[in-house]
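> One structure follows; several queries about it will come next.
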Amino acid sequence: MKIHVLMENTTVDPALTAEHGLSLFVETRRHKVLFDAGQTGAFADNARRMDVDLRDVDVVVLSHGHYDHGGGLRYFLELNDRAPVYLSRHAFTPHFNGSEKYIGLDRTLEGCERLVSVGDALRIDEELTLYSCNQSKRIAPLESFGLTVRTRGALTPDDFRHEQYLLVRDGERKILFSGCSHKGILNIANWFRPDILVGGFHFTKLNPDDPEDGKCLERVARELSRFPTKYYTGHCTGIRQYQFLKQIMGDQLEYFSTGQTFSL
């Protein structure tokens with residue numbers, strides 16, 4: 001399996017655009033998958049410069065209904081006229097940061113016939129399966145970090161029911177893709193116990209220099225280290241937070257940036 005990082009907050013190549021967002025082009029044995037579509041169309045420009053042809057994509061997965069993962073979807077639909085887009089049935093619910101800043105998807109796309117609404121789980125084929133884990137038991141509490149959702153005219157803390165995970169079966173290996181791990185990286189690692197986990201940990205609001213936040217990050221790092229998993233992270237994990245985790249997790253944790261291509 002090969003992963004091309006089309007968009008992440010940082011870049012290894014100054015000729016490529018970096019923005020607060022995530023987009024991965026994943027080549028499996030059977031598929032060419034676009035996992036998330038960044039904040040803007042910049043991921044598509046990066047793909048072109050990286051010699052990745054988005055017309056070859058045959059499956060698109062949106063991890064959740066936030067703009068920095070689905071903002072470039074319209075650009076992709078104009079480039080590729082065949083790939084279905086799998087997203088949670090809750091993805092177009094209005095999402096906010098606090099009470100005023102809208103961070104959801106472009107709702108004019110909601111009726112697009114290319115979009116495939118996913119419930120709690122969907123087996124695409126024997127290689128690809130989507131899960132929401134909304135009913136799964138948690139070993140760690142869910143933190144909304146000020147993110148909200150509007151339902152029935154009222155804003156409430158987001159429970160991230162719109163977040164889904166892509167599990168790829170590669171022979172005997174299980175490789176899991178998670179956009180931001182809003183439901184808690186400890187929960188996700190425990191639910192799947194994959195061989196490899198690729199995605200953000202959503203730790204940017206935790207300050208490694210703060211005693212309480214530092215204890216939280218240390219606890220998570222030690223718990224993650226107990227799982228039989230190799231982690232590749234970026235985007236909402238945060239650079240300083242990654243560096244803190246890396247000191248504890250060592251080679252079990254790596255960072256990915258825009259412009260990188262790596263094989264698993």
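Chains: A, B, ... in order of the structure tokens. Residues: from 1 per chain. Ligands: from 1, in order shown.
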List the spatial neighbours of Thr28 of chain A as a list in words - criterion: any atom at most 12 Å away, only C-alpha atoms, same-chain residues fewer than 5 positions off excluded.
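Result of the neighbour search: Met1, Lys2, Ile3, His4, Val33, Leu34, Val57, Asp58, Val59, Glu127, Leu128, Leu167, Val168, Arg169, Asp170, Gly171, Ile175, Ser263 and Leu264 of chain A.
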> For N, CA and C atoms, I'd like the residues from the last selection saved as a tab-separated table (two decimals), in the first residue's frame.

```tsv
chain	number	residue	atom	x	y	z
A	1	MET	N	0.84	-1.20	0.00
A	1	MET	CA	0.00	0.00	0.00
A	1	MET	C	0.88	1.25	0.00
A	2	LYS	N	0.45	2.23	-0.76
A	2	LYS	CA	1.20	3.48	-0.86
A	2	LYS	C	0.28	4.65	-0.51
A	3	ILE	N	0.80	5.60	0.25
A	3	ILE	CA	0.03	6.78	0.67
A	3	ILE	C	0.75	8.04	0.20
A	4	HIS	N	0.02	8.89	-0.50
A	4	HIS	CA	0.53	10.19	-0.94
A	4	HIS	C	-0.20	11.25	-0.12
A	33	VAL	N	-7.95	5.34	-3.55
A	33	VAL	CA	-8.88	5.99	-2.63
A	33	VAL	C	-8.44	7.41	-2.34
A	34	LEU	N	-9.38	8.35	-2.38
A	34	LEU	CA	-9.13	9.69	-1.86
A	34	LEU	C	-9.77	9.74	-0.48
A	57	VAL	N	-9.02	8.03	-9.20
A	57	VAL	CA	-9.68	7.69	-7.94
A	57	VAL	C	-10.99	6.95	-8.22
A	58	ASP	N	-11.20	5.82	-7.55
A	58	ASP	CA	-12.46	5.08	-7.73
A	58	ASP	C	-13.31	5.04	-6.47
A	59	VAL	N	-12.76	5.50	-5.33
A	59	VAL	CA	-13.51	5.57	-4.08
A	59	VAL	C	-13.07	6.82	-3.33
A	127	GLU	N	-12.09	-5.61	0.86
A	127	GLU	CA	-10.91	-4.85	1.24
A	127	GLU	C	-11.25	-3.62	2.07
A	128	LEU	N	-12.33	-2.92	1.75
A	128	LEU	CA	-12.67	-1.64	2.37
A	128	LEU	C	-13.98	-1.72	3.16
A	167	LEU	N	-11.44	1.18	7.33
A	167	LEU	CA	-10.59	0.04	7.63
A	167	LEU	C	-10.24	-0.67	6.33
A	168	VAL	N	-8.94	-0.78	6.07
A	168	VAL	CA	-8.45	-1.46	4.88
A	168	VAL	C	-7.82	-2.78	5.31
A	169	ARG	N	-8.29	-3.85	4.72
A	169	ARG	CA	-7.69	-5.17	4.98
A	169	ARG	C	-6.69	-5.45	3.86
A	170	ASP	N	-5.42	-5.52	4.26
A	170	ASP	CA	-4.33	-5.74	3.33
A	170	ASP	C	-3.69	-7.08	3.68
A	171	GLY	N	-4.18	-8.15	3.07
A	171	GLY	CA	-3.74	-9.47	3.48
A	171	GLY	C	-4.16	-9.73	4.91
A	175	ILE	N	-5.37	-1.88	8.39
A	175	ILE	CA	-4.87	-0.50	8.33
A	175	ILE	C	-6.05	0.43	8.45
A	263	SER	N	5.27	4.05	1.83
A	263	SER	CA	4.68	2.72	1.62
A	263	SER	C	4.52	2.03	2.95
A	264	LEU	N	3.42	1.29	3.07
A	264	LEU	CA	3.15	0.55	4.30
A	264	LEU	C	3.27	-0.95	4.03
```
> Name all residues at most 10 Å from Cys133 of chain A (count only C-alpha atoms; drop same-chain ones fewer than 4 positions away) and give them as a PyMOL selection string.
chain A and resi 120-121+137-138+161+163-165+183+187-188+191-192
> Could you please take those selected residues and save C-alpha atoms as a short mmCIF file (atom, residue, chain, number, x, y, z; two decimals), in the first residue's frame?

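Listed below is the output, again.cif:
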```cif
data_model
loop_
_atom_site.label_atom_id
_atom_site.label_comp_id
_atom_site.auth_asym_id
_atom_site.auth_seq_id
_atom_site.Cartn_x
_atom_site.Cartn_y
_atom_site.Cartn_z
CA ASP A 120 -23.20 2.80 11.35
CA ALA A 121 -21.19 0.53 9.05
CA LYS A 137 -18.25 1.36 24.41
CA ARG A 138 -15.65 4.01 25.24
CA ARG A 161 -21.68 10.98 15.22
CA GLU A 163 -17.21 10.82 12.03
CA GLN A 164 -16.39 7.53 10.33
CA TYR A 165 -13.28 5.42 9.90
CA LYS A 183 -14.27 10.25 19.29
CA ASN A 187 -11.19 4.68 21.99
CA ILE A 188 -10.42 4.21 18.29
CA TRP A 191 -12.03 -0.55 19.07
CA PHE A 192 -9.95 -1.62 16.08
#
```
> Mind checking which residues fall within 8 Å of segment 247-251 of chain A, counting only C-alpha atoms, ignoring those fewer than 6 positions away in the same chain, and posting them as a ChimeraX atom specification?
/A:218,221-222,225
> Taking the DSSP assignment computed from this structure's backbone, write out as a ChimeraX atom specification all residues of segment 58-255 of chain A that belong to strand (DSSP E).
/A:59-61,85-88,95-97,101-102,115-118,121-123,128-131,147-151,154-157,165-170,173-178,196-199,230-233,253-255
> Could you check the closest approach to Leu24 of chain A for each of A:Gly259, A:Leu147, A:Asp158, A:Arg173 and tell me which residue wins, using only C-alpha atoms?
A:Gly259
> For a quick check of understanding, using only C-alpha atoms, which of A:Tyr102, A:Tyr86, A:Phe177, A:Tyr231 has the smallest distance to Leu115 of chain A?
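Of A:Tyr102, A:Tyr86, A:Phe177, A:Tyr231, the one nearest Leu115 of chain A is A:Tyr86, counting only C-alpha atoms.
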> Please determine, counting only C-alpha atoms, which residue among A:His20, A:Lys230, A:Arg240, A:Arg150 has the shortest atom-to-atom distance to Asp68 of chain A.
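The shortest atom-to-atom distance to Asp68 of chain A comes from A:His20.
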> Nearest to Glu254 of chain A among A:Glu223, A:Glu110, A:Glu78, A:Gly199, with distances taken over only C-alpha atoms: which residue is it?
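Under the stated criterion, the closest residue is A:Gly199.
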> Near Leu77 of chain A, within 12 Å and counting only C-alpha atoms, which residues show up once chain neighbours fewer than 6 positions away are dropped, as a PyMOL selection string?
chain A and resi 34+37+41+44+54-55+57-60+70-71+83-85+109+112-115
> Please report the interatomic distance between atom CA of Ile139 of chain A and atom CA of Leu166 of chain A in Å with one decimal.
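Going from atom CA of Ile139 of chain A over to atom CA of Leu166 of chain A covers 20.6 Å.
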> What's around segment 203-209 of chain A at 7 Å? Count only C-alpha atoms, leave out sequence neighbours fewer than 5 positions away in its own chain, and write the answer as an MDAnalysis selection string.
chainID A and resid 214 236:238 241 244
> Distance atom CA of Asn9 of chain A-atom CA of Gly21 of chain A, one decimal place?
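Spanning atom CA of Asn9 of chain A to atom CA of Gly21 of chain A is a straight-line distance of 6.1 Å.
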> Hey, what does DSSP flag as helix (DSSP H, G or I) within segment 53-168 of chain A? Can you give it to me as JSON, numbers by chain?
{"A": [54, 55, 56, 67, 68, 69, 70, 73, 74, 75, 76, 77, 78, 79, 107, 108, 109]}
> Excluding same-chain residues fewer than 6 positions from His95 of chain A, what lies within 6 Å of it counting only C-alpha atoms, as a CSV table (one decimal) with N, CA and C atoms, in the first residue's frame?

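Once written, out.csv looks like this:
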```
chain,number,residue,atom,x,y,z
A,103,ILE,N,-18.2,25.6,10.5
A,103,ILE,CA,-17.1,24.8,10.1
A,103,ILE,C,-17.6,23.5,9.3
A,104,GLY,N,-18.8,23.6,8.9
A,104,GLY,CA,-19.4,22.4,8.2
A,104,GLY,C,-19.1,22.4,6.7
A,148,THR,N,-19.5,22.4,18.2
A,148,THR,CA,-20.9,22.3,18.4
A,148,THR,C,-21.6,21.8,17.2
A,149,VAL,N,-22.9,21.4,17.3
A,149,VAL,CA,-23.7,21.0,16.2
A,149,VAL,C,-25.1,21.6,16.4
```
> Record the distance separating atom CA of Phe43 of chain A and atom CA of Met7 of chain A, expressed in Å with one decimal.
5.4 Å
